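Quick look at data33.txt (compact mmCIF, C-alpha atoms):
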```
# COMPACT_ATOMS: atom_id res chain seq x y z
CA MET A 25 -24.83 -136.51 115.18
CA LEU A 26 -25.71 -140.14 115.84
CA ARG A 27 -23.55 -141.26 112.92
CA ARG A 28 -20.59 -139.17 114.17
CA THR A 29 -20.97 -140.52 117.71
CA LEU A 30 -21.06 -144.10 116.40
CA ALA A 31 -17.95 -143.48 114.27
CA LEU A 32 -16.03 -142.12 117.25
CA CYS A 33 -17.06 -145.12 119.34
CA LEU A 34 -15.84 -147.49 116.65
CA LEU A 35 -12.53 -145.63 116.43
CA ALA A 36 -12.16 -145.84 120.19
CA ALA A 37 -12.50 -149.60 119.96
CA THR A 38 -10.22 -150.05 116.95
CA PRO A 39 -6.90 -151.76 117.77
CA LEU A 40 -3.82 -149.70 116.94
CA LEU A 41 -2.05 -152.05 114.55
CA ALA A 42 1.52 -151.43 113.44
CA GLU A 43 2.51 -150.81 109.84
CA ASP A 44 4.18 -153.54 107.78
CA VAL A 45 7.78 -152.40 108.33
CA THR A 46 11.03 -154.19 107.54
CA THR A 47 14.47 -152.94 108.60
CA PHE A 48 18.01 -153.96 107.76
CA ARG A 49 21.49 -152.44 107.61
CA LEU A 50 24.05 -152.55 104.81
CA ASP A 51 27.68 -153.41 105.53
CA ASN A 52 28.69 -149.75 105.12
CA GLY A 53 26.33 -148.73 107.93
CA LEU A 54 23.34 -147.46 105.93
CA GLU A 55 20.14 -148.11 107.86
CA VAL A 56 17.18 -149.08 105.65
CA VAL A 57 13.47 -148.97 106.51
CA VAL A 58 10.86 -150.41 104.15
CA ILE A 59 7.16 -149.59 104.66
CA GLU A 60 4.94 -151.67 102.38
CA ASP A 61 1.72 -150.20 100.97
CA HIS A 62 0.50 -151.80 97.75
CA ARG A 63 -2.71 -149.82 97.24
CA ALA A 64 -1.20 -147.64 94.49
CA PRO A 65 1.85 -148.12 92.22
CA VAL A 66 3.79 -145.24 93.76
CA VAL A 67 6.77 -145.01 96.08
CA THR A 68 8.48 -142.42 98.27
CA GLN A 69 12.22 -142.55 98.83
CA MET A 70 13.67 -140.50 101.67
CA VAL A 71 17.28 -140.21 102.77
CA TRP A 72 17.77 -138.74 106.24
CA TYR A 73 21.19 -137.56 107.40
CA ARG A 74 21.80 -137.38 111.13
CA THR A 75 23.01 -133.80 110.95
CA GLY A 76 21.28 -130.46 111.16
CA ALA A 77 21.66 -126.93 112.41
CA ALA A 78 22.58 -128.10 115.92
CA ASP A 79 25.62 -129.95 114.53
CA GLU A 80 27.23 -126.97 112.80
CA ALA A 81 30.70 -125.71 113.63
CA PRO A 82 30.77 -122.48 115.67
CA GLY A 83 30.51 -119.41 113.47
CA ARG A 84 29.04 -121.35 110.55
CA SER A 85 25.35 -121.13 111.35
CA GLY A 86 23.19 -121.96 108.38
CA ILE A 87 25.71 -124.29 106.74
CA ALA A 88 23.43 -127.35 107.06
CA HIS A 89 20.60 -125.56 105.25
CA PHE A 90 23.05 -124.05 102.75
CA LEU A 91 24.36 -127.51 101.90
CA GLU A 92 20.79 -128.72 101.41
CA HIS A 93 20.52 -126.16 98.59
CA LEU A 94 23.89 -127.12 97.14
CA MET A 95 22.92 -130.79 97.01
CA PHE A 96 20.77 -129.97 93.98
CA LYS A 97 23.85 -128.88 92.04
CA GLY A 98 25.95 -131.27 89.99
CA THR A 99 27.88 -134.45 90.68
CA ASP A 100 30.55 -136.30 88.74
CA THR A 101 27.84 -137.52 86.37
CA LEU A 102 25.00 -134.97 86.68
CA ALA A 103 24.95 -131.35 85.54
CA PRO A 104 23.64 -128.68 87.92
CA GLY A 105 19.86 -128.94 88.08
CA GLU A 106 19.77 -132.28 86.29
CA PHE A 107 18.74 -134.19 89.41
CA SER A 108 15.36 -132.48 89.83
CA ALA A 109 14.86 -132.27 86.08
CA THR A 110 15.25 -136.04 85.86
CA VAL A 111 12.75 -136.63 88.66
CA GLU A 112 10.26 -134.30 86.99
CA ALA A 113 10.75 -136.00 83.62
CA GLN A 114 9.69 -139.26 85.28
CA GLY A 115 6.46 -137.65 86.46
CA GLY A 116 7.68 -137.35 90.05
CA ASN A 117 8.51 -134.61 92.50
CA ASP A 118 11.37 -134.05 94.91
CA ASN A 119 12.46 -131.68 97.64
CA ALA A 120 14.42 -131.46 100.88
CA PHE A 121 14.27 -129.88 104.33
CA THR A 122 16.58 -129.11 107.24
CA SER A 123 15.93 -129.10 110.98
CA TRP A 124 18.16 -128.79 114.02
CA ASP A 125 18.69 -132.57 114.16
CA TYR A 126 18.53 -133.79 110.57
CA THR A 127 18.55 -132.99 106.86
CA ALA A 128 16.29 -135.04 104.58
CA TYR A 129 15.83 -135.48 100.83
CA PHE A 130 12.88 -137.18 99.14
CA GLN A 131 11.35 -138.17 95.83
CA ARG A 132 7.85 -139.44 95.09
CA VAL A 133 7.60 -141.37 91.82
CA ALA A 134 5.96 -144.32 90.13
CA ALA A 135 7.13 -147.53 91.78
CA ASP A 136 8.99 -148.73 88.70
CA ARG A 137 11.21 -145.60 88.86
CA LEU A 138 12.63 -146.39 92.30
CA ASP A 139 15.83 -147.91 90.95
CA LEU A 140 16.62 -144.69 89.08
CA MET A 141 15.89 -142.60 92.18
CA MET A 142 18.29 -144.72 94.23
CA ARG A 143 21.00 -144.31 91.63
CA LEU A 144 20.58 -140.52 91.65
CA GLU A 145 20.45 -140.20 95.44
CA ALA A 146 23.39 -142.51 96.02
CA ASP A 147 25.40 -140.54 93.47
CA ARG A 148 25.08 -137.25 95.32
CA MET A 149 25.67 -138.84 98.73
CA ARG A 150 29.41 -138.97 98.03
CA ASN A 151 30.04 -137.40 94.61
CA LEU A 152 28.74 -133.84 94.92
CA GLN A 153 30.58 -131.18 92.94
CA ILE A 154 30.39 -127.56 94.15
CA SER A 155 31.83 -124.65 92.17
CA GLU A 156 32.54 -121.13 93.36
CA ASP A 157 29.71 -119.94 91.11
CA ASP A 158 27.36 -122.35 92.89
CA ILE A 159 28.42 -120.87 96.23
CA THR A 160 27.84 -117.30 95.10
CA THR A 161 24.46 -118.05 93.59
CA GLU A 162 23.02 -120.18 96.40
CA ARG A 163 24.41 -117.98 99.17
CA ALA A 164 22.42 -115.10 97.65
CA VAL A 165 19.37 -117.39 97.54
CA ILE A 166 19.49 -118.34 101.23
CA ILE A 167 20.16 -114.75 102.29
CA GLU A 168 17.10 -113.64 100.32
CA GLU A 169 15.14 -116.51 101.91
CA ARG A 170 16.06 -115.23 105.36
CA LYS A 171 15.05 -111.70 104.43
CA GLN A 172 11.67 -112.84 103.15
CA ARG A 173 10.83 -115.33 105.89
CA THR A 174 12.50 -113.81 108.94
CA GLU A 175 13.60 -110.20 108.51
CA SER A 176 10.26 -109.22 106.95
CA SER A 177 8.19 -110.92 109.68
CA PRO A 178 8.06 -109.41 113.19
CA GLY A 179 6.58 -112.68 114.46
CA ALA A 180 9.45 -114.70 113.05
CA LEU A 181 11.96 -112.28 114.57
CA LEU A 182 10.30 -112.59 117.99
CA GLN A 183 10.33 -116.40 117.82
CA GLU A 184 13.99 -116.36 116.82
CA GLN A 185 14.93 -114.07 119.70
CA MET A 186 12.87 -116.10 122.17
CA ARG A 187 14.52 -119.35 121.11
CA ALA A 188 17.95 -117.79 121.55
CA ALA A 189 16.90 -116.74 125.05
CA GLN A 190 15.47 -120.17 125.81
CA PHE A 191 18.64 -122.05 124.87
CA LEU A 192 21.57 -120.10 126.28
CA ASN A 193 24.16 -122.80 125.75
CA HIS A 194 22.61 -125.51 123.56
CA PRO A 195 22.78 -125.01 119.77
CA TYR A 196 18.99 -125.28 119.52
CA GLY A 197 19.11 -121.55 120.15
CA ILE A 198 20.70 -120.96 116.73
CA PRO A 199 18.23 -120.46 113.85
CA ILE A 200 18.17 -123.22 111.25
CA ILE A 201 18.60 -120.75 108.42
CA GLY A 202 21.50 -119.13 110.29
CA TRP A 203 22.37 -115.69 111.63
CA LEU A 204 22.62 -113.25 108.75
CA HIS A 205 26.14 -112.02 109.56
CA GLU A 206 27.42 -115.63 109.57
CA MET A 207 25.47 -116.66 106.47
CA GLU A 208 27.24 -113.91 104.54
CA THR A 209 30.62 -115.56 105.25
CA LEU A 210 29.72 -119.15 104.30
CA ASP A 211 32.10 -120.37 101.61
CA ARG A 212 32.92 -123.41 99.54
CA GLN A 213 35.29 -124.91 102.09
CA ALA A 214 32.68 -124.69 104.87
CA ALA A 215 30.17 -126.49 102.67
CA LEU A 216 32.67 -129.19 101.68
CA ASP A 217 33.75 -129.70 105.28
CA HIS A 218 30.17 -130.27 106.40
CA TYR A 219 29.44 -132.51 103.42
CA THR A 220 32.58 -134.64 103.77
CA ARG A 221 32.06 -135.17 107.47
CA PHE A 222 28.34 -135.88 107.68
CA TYR A 223 27.11 -137.11 104.30
CA ALA A 224 27.97 -140.78 104.37
CA PRO A 225 26.03 -144.08 104.48
CA ASN A 226 26.91 -144.72 108.12
CA ASN A 227 25.26 -141.41 109.05
CA ALA A 228 22.12 -141.90 106.95
CA ILE A 229 18.75 -143.62 107.03
CA LEU A 230 17.07 -144.74 103.81
CA VAL A 231 13.27 -144.93 104.10
CA VAL A 232 11.28 -146.41 101.22
CA ALA A 233 7.49 -146.43 101.49
CA GLY A 234 4.87 -147.57 99.03
CA ASP A 235 4.40 -150.29 96.44
CA VAL A 236 7.65 -152.15 97.12
CA THR A 237 8.90 -155.35 98.71
CA PRO A 238 11.77 -155.59 101.18
CA GLU A 239 13.61 -158.00 98.90
CA ALA A 240 13.53 -155.61 95.93
CA VAL A 241 14.58 -152.65 98.08
CA ARG A 242 17.46 -154.63 99.57
CA GLU A 243 18.73 -155.59 96.13
CA MET A 244 18.54 -152.01 94.79
CA ALA A 245 20.00 -150.48 97.94
CA GLN A 246 22.90 -152.91 97.93
CA ARG A 247 23.61 -152.17 94.28
CA HIS A 248 23.49 -148.36 94.51
CA TYR A 249 24.31 -147.46 98.12
CA GLY A 250 26.32 -150.54 99.06
CA PRO A 251 29.56 -149.54 97.27
CA LEU A 252 29.73 -146.14 99.03
CA ALA A 253 32.49 -145.87 101.59
CA PRO A 254 31.52 -144.95 105.16
CA SER A 255 32.98 -141.93 106.90
CA ASP A 256 35.41 -142.33 109.81
CA ALA A 257 34.46 -138.84 111.08
CA ILE A 258 31.05 -139.90 112.44
CA THR A 259 30.99 -139.69 116.22
CA ASP A 260 28.35 -139.67 118.96
CA ARG A 261 26.24 -136.53 118.85
CA LYS A 262 27.23 -134.93 122.16
CA ARG A 263 26.14 -131.32 122.45
CA PRO A 264 26.64 -128.66 125.12
CA ALA A 265 24.16 -129.06 127.96
CA GLU A 266 21.73 -126.32 128.84
CA PRO A 267 22.33 -124.88 132.34
CA PRO A 268 19.37 -124.91 134.74
CA GLN A 269 16.96 -122.07 134.06
CA ILE A 270 16.07 -120.53 137.42
CA ALA A 271 14.18 -117.39 136.39
CA GLU A 272 11.68 -116.41 133.72
CA ARG A 273 13.07 -114.58 130.72
CA ARG A 274 10.90 -111.90 129.12
CA MET A 275 11.13 -109.71 126.06
CA THR A 276 9.05 -107.25 124.09
CA LEU A 277 9.43 -106.71 120.36
CA THR A 278 7.82 -103.61 118.91
CA ASP A 279 7.49 -103.12 115.19
CA GLN A 280 5.36 -100.76 113.12
CA ARG A 281 4.39 -103.68 110.87
CA VAL A 282 2.53 -105.48 113.68
CA SER A 283 -1.22 -105.46 113.11
CA GLU A 284 -2.19 -108.09 115.71
CA PRO A 285 -0.22 -108.05 118.98
CA TYR A 286 0.06 -111.29 120.92
CA VAL A 287 1.58 -113.07 123.91
CA LEU A 288 3.84 -116.02 123.15
CA ARG A 289 5.41 -118.23 125.80
CA SER A 290 7.68 -121.28 125.59
CA TYR A 291 8.78 -123.62 128.38
CA LEU A 292 11.66 -126.07 128.38
CA ALA A 293 10.12 -129.54 128.12
CA PRO A 294 11.43 -133.12 127.91
CA GLU A 295 11.71 -134.87 124.56
CA ARG A 296 10.66 -138.38 123.54
CA ASP A 297 13.39 -140.83 124.51
CA PRO A 298 13.93 -144.42 123.32
CA GLY A 299 11.81 -146.74 125.44
CA ASP A 300 10.63 -143.83 127.61
CA GLN A 301 7.90 -141.86 125.87
CA GLU A 302 5.29 -141.56 128.62
CA LYS A 303 6.06 -137.99 129.68
CA ALA A 304 6.16 -136.78 126.08
CA ALA A 305 2.80 -138.47 125.50
CA ALA A 306 1.32 -136.69 128.51
CA LEU A 307 2.59 -133.35 127.18
CA THR A 308 1.13 -134.12 123.75
CA ILE A 309 -2.28 -134.59 125.33
CA LEU A 310 -1.79 -131.53 127.57
CA ALA A 311 -1.25 -129.37 124.49
CA GLU A 312 -4.49 -130.71 122.98
CA ILE A 313 -6.44 -130.05 126.18
CA LEU A 314 -5.17 -126.51 126.65
CA GLY A 315 -5.14 -125.23 123.10
CA GLY A 316 -5.45 -127.93 120.48
CA SER A 317 -8.91 -126.93 119.26
CA GLY A 318 -10.13 -123.47 118.33
CA GLN A 319 -13.59 -124.35 119.65
CA THR A 320 -13.39 -126.92 122.47
CA SER A 321 -9.98 -126.46 124.15
CA LEU A 322 -9.72 -124.90 127.61
CA PHE A 323 -8.14 -121.77 126.18
CA ALA A 324 -10.83 -121.39 123.54
CA GLN A 325 -13.65 -121.88 126.01
CA ALA A 326 -12.23 -119.60 128.70
CA LEU A 327 -10.42 -116.92 126.69
CA GLN A 328 -12.44 -116.71 123.47
CA PHE A 329 -15.99 -117.84 124.27
CA GLY A 330 -16.29 -117.36 128.02
CA ALA A 331 -18.40 -114.84 129.90
CA ASN A 332 -15.65 -112.23 129.58
CA PRO A 333 -13.75 -113.02 126.36
CA VAL A 334 -10.30 -111.51 126.01
CA ALA A 335 -8.87 -113.28 122.94
CA VAL A 336 -9.65 -113.84 119.27
CA TYR A 337 -7.25 -116.77 119.03
CA SER A 338 -5.34 -119.07 121.38
CA SER A 339 -3.34 -122.25 121.10
CA ALA A 340 -0.91 -124.62 122.78
CA PHE A 341 1.65 -126.78 121.01
CA TYR A 342 4.33 -129.38 121.69
CA ASP A 343 6.47 -131.69 119.59
CA GLY A 344 8.94 -133.83 121.50
CA THR A 345 10.56 -135.50 118.48
CA GLY A 346 14.09 -134.21 118.93
CA LEU A 347 17.48 -135.43 120.03
CA ASP A 348 17.60 -133.09 123.02
CA GLU A 349 15.25 -131.07 125.22
CA SER A 350 12.20 -129.61 123.53
CA THR A 351 9.76 -126.76 124.24
CA PHE A 352 6.07 -126.46 125.09
CA GLY A 353 4.41 -123.35 123.67
CA LEU A 354 1.38 -121.14 124.36
CA LEU A 355 -0.08 -118.32 122.28
CA VAL A 356 -2.85 -115.78 122.94
CA VAL A 357 -3.97 -113.08 120.50
CA PRO A 358 -6.09 -110.56 122.45
CA MET A 359 -9.27 -108.94 121.24
CA PRO A 360 -9.02 -105.33 120.04
CA GLY A 361 -8.91 -103.08 123.07
CA VAL A 362 -7.53 -105.79 125.40
CA ASP A 363 -3.92 -105.16 126.41
CA LEU A 364 -1.29 -107.89 126.50
CA ALA A 365 -0.99 -107.84 130.29
CA THR A 366 -4.70 -108.64 130.64
CA ALA A 367 -4.51 -111.40 128.04
CA GLU A 368 -1.47 -112.95 129.71
CA ALA A 369 -3.08 -112.83 133.16
CA ALA A 370 -6.19 -114.56 131.79
CA MET A 371 -4.02 -117.25 130.18
CA ASP A 372 -2.16 -117.83 133.44
CA ALA A 373 -5.45 -118.13 135.33
CA VAL A 374 -6.57 -120.97 133.04
CA ILE A 375 -3.23 -122.72 133.56
CA ALA A 376 -3.43 -122.32 137.35
CA ASP A 377 -6.95 -123.76 137.43
CA PHE A 378 -5.87 -126.75 135.33
CA VAL A 379 -2.78 -127.47 137.42
CA ASP A 380 -4.99 -127.40 140.52
CA ALA A 381 -7.99 -129.40 139.23
CA GLY A 382 -6.62 -131.52 136.38
CA PRO A 383 -8.48 -132.44 133.19
CA ASP A 384 -12.23 -132.80 132.96
CA ALA A 385 -13.10 -136.48 132.50
CA GLU A 386 -15.36 -135.90 129.50
CA ASP A 387 -12.85 -133.61 127.78
CA PHE A 388 -10.07 -136.08 128.43
CA ALA A 389 -12.01 -138.98 126.92
CA ARG A 390 -12.96 -136.91 123.86
CA ILE A 391 -9.37 -135.85 123.20
CA LYS A 392 -8.07 -139.40 123.62
CA THR A 393 -10.59 -140.53 120.99
CA GLN A 394 -9.55 -137.72 118.63
CA ILE A 395 -5.89 -138.59 119.03
CA ARG A 396 -6.63 -142.26 118.38
CA ALA A 397 -8.55 -141.29 115.25
CA ASN A 398 -5.70 -139.09 114.04
CA GLN A 399 -3.21 -141.91 114.55
CA ILE A 400 -5.38 -144.25 112.49
CA TYR A 401 -6.00 -141.73 109.71
CA ALA A 402 -2.27 -140.90 109.55
CA ARG A 403 -1.56 -144.46 108.42
CA ASP A 404 -3.40 -143.68 105.18
CA ASN A 405 -0.62 -141.29 104.09
CA VAL A 406 2.46 -143.12 102.81
CA ASP A 407 4.51 -139.93 102.62
CA GLY A 408 3.58 -139.14 106.21
CA LEU A 409 4.57 -142.62 107.35
CA ALA A 410 7.96 -142.31 105.66
CA ARG A 411 8.51 -139.01 107.38
CA ARG A 412 7.33 -140.28 110.76
CA TYR A 413 9.78 -143.20 110.77
CA GLY A 414 12.66 -141.25 109.25
CA GLU A 415 12.36 -138.35 111.67
CA ALA A 416 12.16 -140.65 114.67
CA LEU A 417 15.22 -142.68 113.69
CA ALA A 418 17.16 -139.52 112.88
CA VAL A 419 16.80 -138.34 116.49
CA GLY A 420 17.65 -141.66 118.12
CA LEU A 421 14.24 -143.29 118.49
CA THR A 422 13.64 -146.79 117.17
CA VAL A 423 11.09 -148.43 114.88
CA GLN A 424 9.60 -150.02 117.99
CA ASP A 425 9.24 -146.58 119.60
CA VAL A 426 7.32 -145.35 116.56
CA GLN A 427 5.03 -148.35 116.60
CA ASP A 428 4.54 -148.12 120.38
CA TRP A 429 3.70 -144.40 120.29
CA PRO A 430 -0.07 -144.72 119.63
CA ALA A 431 -0.43 -147.20 122.49
CA VAL A 432 1.67 -145.00 124.78
CA LEU A 433 -0.63 -142.06 123.99
CA ASP A 434 -3.67 -144.25 124.57
CA ALA A 435 -2.40 -145.32 128.00
CA VAL A 436 -1.86 -141.80 129.38
CA THR A 437 -3.92 -141.08 132.49
CA PRO A 438 -5.43 -137.77 133.65
CA GLU A 439 -3.05 -137.82 136.60
CA GLN A 440 -0.02 -138.06 134.28
CA VAL A 441 -1.23 -135.05 132.30
CA GLN A 442 -1.77 -133.04 135.46
CA ASP A 443 1.67 -134.02 136.77
CA ALA A 444 3.24 -133.00 133.43
CA ALA A 445 1.53 -129.62 133.65
CA ARG A 446 2.82 -129.07 137.18
CA GLU A 447 6.36 -129.98 136.16
CA VAL A 448 6.64 -128.17 132.82
CA LEU A 449 4.39 -125.10 133.12
CA ASN A 450 6.80 -123.41 135.50
CA ARG A 451 7.41 -119.74 134.80
CA ASN A 452 11.00 -120.12 136.00
CA ARG A 453 11.61 -122.35 132.97
CA ALA A 454 9.80 -120.08 130.52
CA VAL A 455 10.48 -117.35 128.01
CA THR A 456 7.57 -114.94 127.55
CA GLY A 457 7.43 -112.63 124.57
CA TRP A 458 5.15 -109.74 123.73
CA LEU A 459 4.76 -108.70 120.12
CA MET A 460 3.25 -105.26 119.71
CA PRO A 461 3.18 -102.29 117.36
CA THR A 462 5.24 -99.19 117.94
CA GLU A 463 3.45 -96.35 119.67
CA GLU A 464 3.16 -94.51 116.37
CA ALA A 465 1.59 -97.52 114.63
CA ALA A 466 -0.79 -98.17 117.52
CA GLN A 467 -2.28 -94.65 117.47
```
Here is the file; what I need is its structure written in the form of structure tokens.
Amino acid sequence: MLRRTLALCLLAATPLLAEDVTTFRLDNGLEVVVIEDHRAPVVTQMVWYRTGAADEAPGRSGIAHFLEHLMFKGTDTLAPGEFSATVEAQGGNDNAFTSWDYTAYFQRVAADRLDLMMRLEADRMRNLQISEDDITTERAVIIEERKQRTESSPGALLQEQMRAAQFLNHPYGIPIIGWLHEMETLDRQAALDHYTRFYAPNNAILVVAGDVTPEAVREMAQRHYGPLAPSDAITDRKRPAEPPQIAERRMTLTDQRVSEPYVLRSYLAPERDPGDQEKAAALTILAEILGGSGQTSLFAQALQFGANPVAVYSSAFYDGTGLDESTFGLLVVPMPGVDLATAEAAMDAVIADFVDAGPDAEDFARIKTQIRANQIYARDNVDGLARRYGEALAVGLTVQDVQDWPAVLDAVTPEQVQDAAREVLNRNRAVTGWLMPTEEAAQ
């Protein structure tokens, strides 16, 4: 215990130094970020496109994720599947992912293979070839993916319905994978339209992290990405605004497959903005205080281990890294024999007490130290650093915002956290969902 206490004290006193980051922009608009880490001869290349599910044309939900799949097909010079096969043959690995605000592709390889990775990635940025057979095959794949991950999961269905209720007008209410009836109509022209418009150097961020130098990355990037023509279709990302939410929205999903009922609630919450991250930092700490730990959080202590426990699990969560308004979430899984109304009332009582009294000084100091430690430990993961910078830049934040974030978190006061709770944890801005078994399954 003494050793752990001493370690936490040392972490609390450790300065939050920034990573060794270099940035530059090619003439065609490609933004480049280089994060040097010479401890091992490996490198991660990531290309982030500023387009995701929230940028899709009406009626074409899922096209951003569909195109992510199609990007692993052929180009003018590569056969279908040859991209990943080449990465694997070099001893590396690659993958991709899609969110509402971005689509990203990455490879992790030995440092001396970076030039080859740039050549491959630059090739498919503008030279993708998509056949009708590719469309048929991959459309079946994404439809099966939706069936496995969403249709077969009552919890996933509830979250999807709640998000649609939370965002009535903003495209954040549309699932990333798409609505099934629209996915079934996605065709080659829809994929090409999305690709031609958004996949261009002036809509992309290249992040290279690992055993590299800025000079070498600049030379390779100029040689492989530099000749690519920018797109004249890139415009400011202006999306429909969400109307004011003036009343709580509630729903109940019953399904015979539910074995553990729970209460889930989400509130509209502000996102991190360039040069203005204080409120998002306060919400980050609020989530940790309320439900960040399964043993020491307020929810855990009051709902799971208190004098009259009502829950077997509870949590709170928030991630403000998005282009537009985010959400703050709460979850309570009641003990067997405790109904959802009782569990929800107990959760609301904890929230009311916190809004009235604010954070305990000792708890607040402990969580600040844990967050500081996590920020320091995160710097040890090159892949994580590449993702942190790429994600931030893809949603409009800057390198300086990323480097300021630990200090912004460290400067948050108890009063700011309490004020954030009062502002955000407003039932009139919430969607509350109950997931429960059907009457037949519950008997």
Six-sided padding of 4 Å per side, axis-aligned box over region 233-252 of chain A, centre and edges in Å, one decimal, as lines of an AutoDock Vina configuration file:
```
center_x = 17.1
center_y = -152.1
center_z = 97.9
size_x = 33.3
size_y = 19.9
size_z = 15.2
```
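In terms of minimum interatomic distance to Ala214 (chain A), A:Ser85 ranks closest within A:Gln442, A:Gln424, A:Ser85, A:Asn119, counting only C-alpha atoms.
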Inset, instruction - Report the distance between CA of Arg446 (chain A) and CA of Leu355 (chain A) in Å, rounded to one decimal place. - result: 18.6 Å
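Distance annotation: of A:Leu421, A:Leu140, A:Val231, A:Leu459, the residue with the minimal separation from Glu295 (chain A) is A:Leu421; atom set is only C-alpha atoms.
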Inset, instruction - Have a look at A:Ser283, A:Thr220, A:Thr308, A:Gln269 and name the one nearest to Ala444 (chain A); count all atoms listed in the file. - result: A:Thr308
Inset, instruction - Within 10 Å of Ala416 (chain A), counting only C-alpha atoms, which residues show up once you throw out same-chain ones fewer than 2 positions away? Write them as a list in words, please. - result: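 Counting only C-alpha atoms, the residues come to Arg296, Asp297, Pro298, Thr345, Gly346, Leu347, Arg411, Arg412, Tyr413, Gly414, Ala418, Val419, Gly420, Leu421, Thr422, Val423, Asp425 and Val426 of chain A.
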Legend entry - Shortest interatomic distance to Ala373 (chain A) - which of A:Phe323, A:Gly76, A:Pro268, A:Val66, counting all atoms listed in the file: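 Between A:Phe323, A:Gly76, A:Pro268, A:Val66, the residue approaching Ala373 (chain A) most closely is A:Phe323.
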Legend entry - Distance criterion (all atoms listed in the file): nearest to Gln440 (chain A) out of A:Ala81, A:Ala306, A:Ala135, A:Met95: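 Closest candidate: A:Ala306.
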Inset, instruction - Excluding region 163-166 of chain A and residues on its chain fewer than 2 positions from it, collect all residues at most 9 Å away from it, counting only C-alpha atoms, and give them as a list in words. - result: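 So, after excluding close chain neighbours, the residues are Gly86, His89, Phe90, His93, Asp158, Ile159, Thr160, Thr161, Glu168, Glu169, Arg170, Lys171, Ile201, Met207, Glu208, Leu210 and Asp211 of chain A.
Between CA of Arg143 (chain A) and CA of Pro238 (chain A) there is a distance of 17.4 Å.
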Inset, instruction - Tell me, in Å to one decimal, how far CA of Ala134 (chain A) is from CA of Pro251 (chain A). - result: 25.2 Å
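Between Tyr286 (chain A) and the residues A:Ala109, A:Leu307, A:Met359, A:Ala224, the shortest atom-to-atom distance, using all atoms listed in the file, involves A:Met359.
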Inset, instruction - Could you give me, as a list in words, the residues within 9 Å of Glu92 (chain A), counting all atoms listed in the file and dropping anything in the same chain fewer than 5 positions from it? - result: Ile87, Ala120, Phe121, Thr122, Thr127, Ala128 and Tyr129 of chain A
Keeping only C-alpha atoms, write the selected residues as an mmCIF file, keeping the file's coordinate frame.
```
data_model
loop_
_atom_site.group_PDB
_atom_site.id
_atom_site.type_symbol
_atom_site.label_atom_id
_atom_site.label_comp_id
_atom_site.auth_asym_id
_atom_site.auth_seq_id
_atom_site.Cartn_x
_atom_site.Cartn_y
_atom_site.Cartn_z
ATOM 1 C CA ILE A 87 25.710 -124.290 106.740
ATOM 2 C CA ALA A 120 14.420 -131.460 100.880
ATOM 3 C CA PHE A 121 14.270 -129.880 104.330
ATOM 4 C CA THR A 122 16.580 -129.110 107.240
ATOM 5 C CA THR A 127 18.550 -132.990 106.860
ATOM 6 C CA ALA A 128 16.290 -135.040 104.580
ATOM 7 C CA TYR A 129 15.830 -135.480 100.830
#
```
Inset, instruction - Using all atoms listed in the file, determine which residues lie at most 8 Å from region 315-317 of chain A, disregarding the query and same-chain residues fewer than 6 positions distant; provide the list as a VMD selection string. - result: chain A and resid 323 to 324 338 to 341 354
Inset, instruction - Using all atoms listed in the file, determine which residues lie at most 12 Å from His248 (chain A), disregarding the query and same-chain residues fewer than 2 positions distant; provide the list as a PyMOL selection string. - result: chain A and resi 50+52+54+138-150+225+230+241-246+250-253
Go ahead and write the selection's residues with C-alpha atoms as a compact mmCIF listing (two decimals), in the frame of the given file.
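Saved to part11.txt:
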```txt
# COMPACT_ATOMS: atom_id res chain seq x y z
CA LEU A 50 24.05 -152.55 104.81
CA ASN A 52 28.69 -149.75 105.12
CA LEU A 54 23.34 -147.46 105.93
CA LEU A 138 12.63 -146.39 92.30
CA ASP A 139 15.83 -147.91 90.95
CA LEU A 140 16.62 -144.69 89.08
CA MET A 141 15.89 -142.60 92.18
CA MET A 142 18.29 -144.72 94.23
CA ARG A 143 21.00 -144.31 91.63
CA LEU A 144 20.58 -140.52 91.65
CA GLU A 145 20.45 -140.20 95.44
CA ALA A 146 23.39 -142.51 96.02
CA ASP A 147 25.40 -140.54 93.47
CA ARG A 148 25.08 -137.25 95.32
CA MET A 149 25.67 -138.84 98.73
CA ARG A 150 29.41 -138.97 98.03
CA PRO A 225 26.03 -144.08 104.48
CA LEU A 230 17.07 -144.74 103.81
CA VAL A 241 14.58 -152.65 98.08
CA ARG A 242 17.46 -154.63 99.57
CA GLU A 243 18.73 -155.59 96.13
CA MET A 244 18.54 -152.01 94.79
CA ALA A 245 20.00 -150.48 97.94
CA GLN A 246 22.90 -152.91 97.93
CA GLY A 250 26.32 -150.54 99.06
CA PRO A 251 29.56 -149.54 97.27
CA LEU A 252 29.73 -146.14 99.03
CA ALA A 253 32.49 -145.87 101.59
```
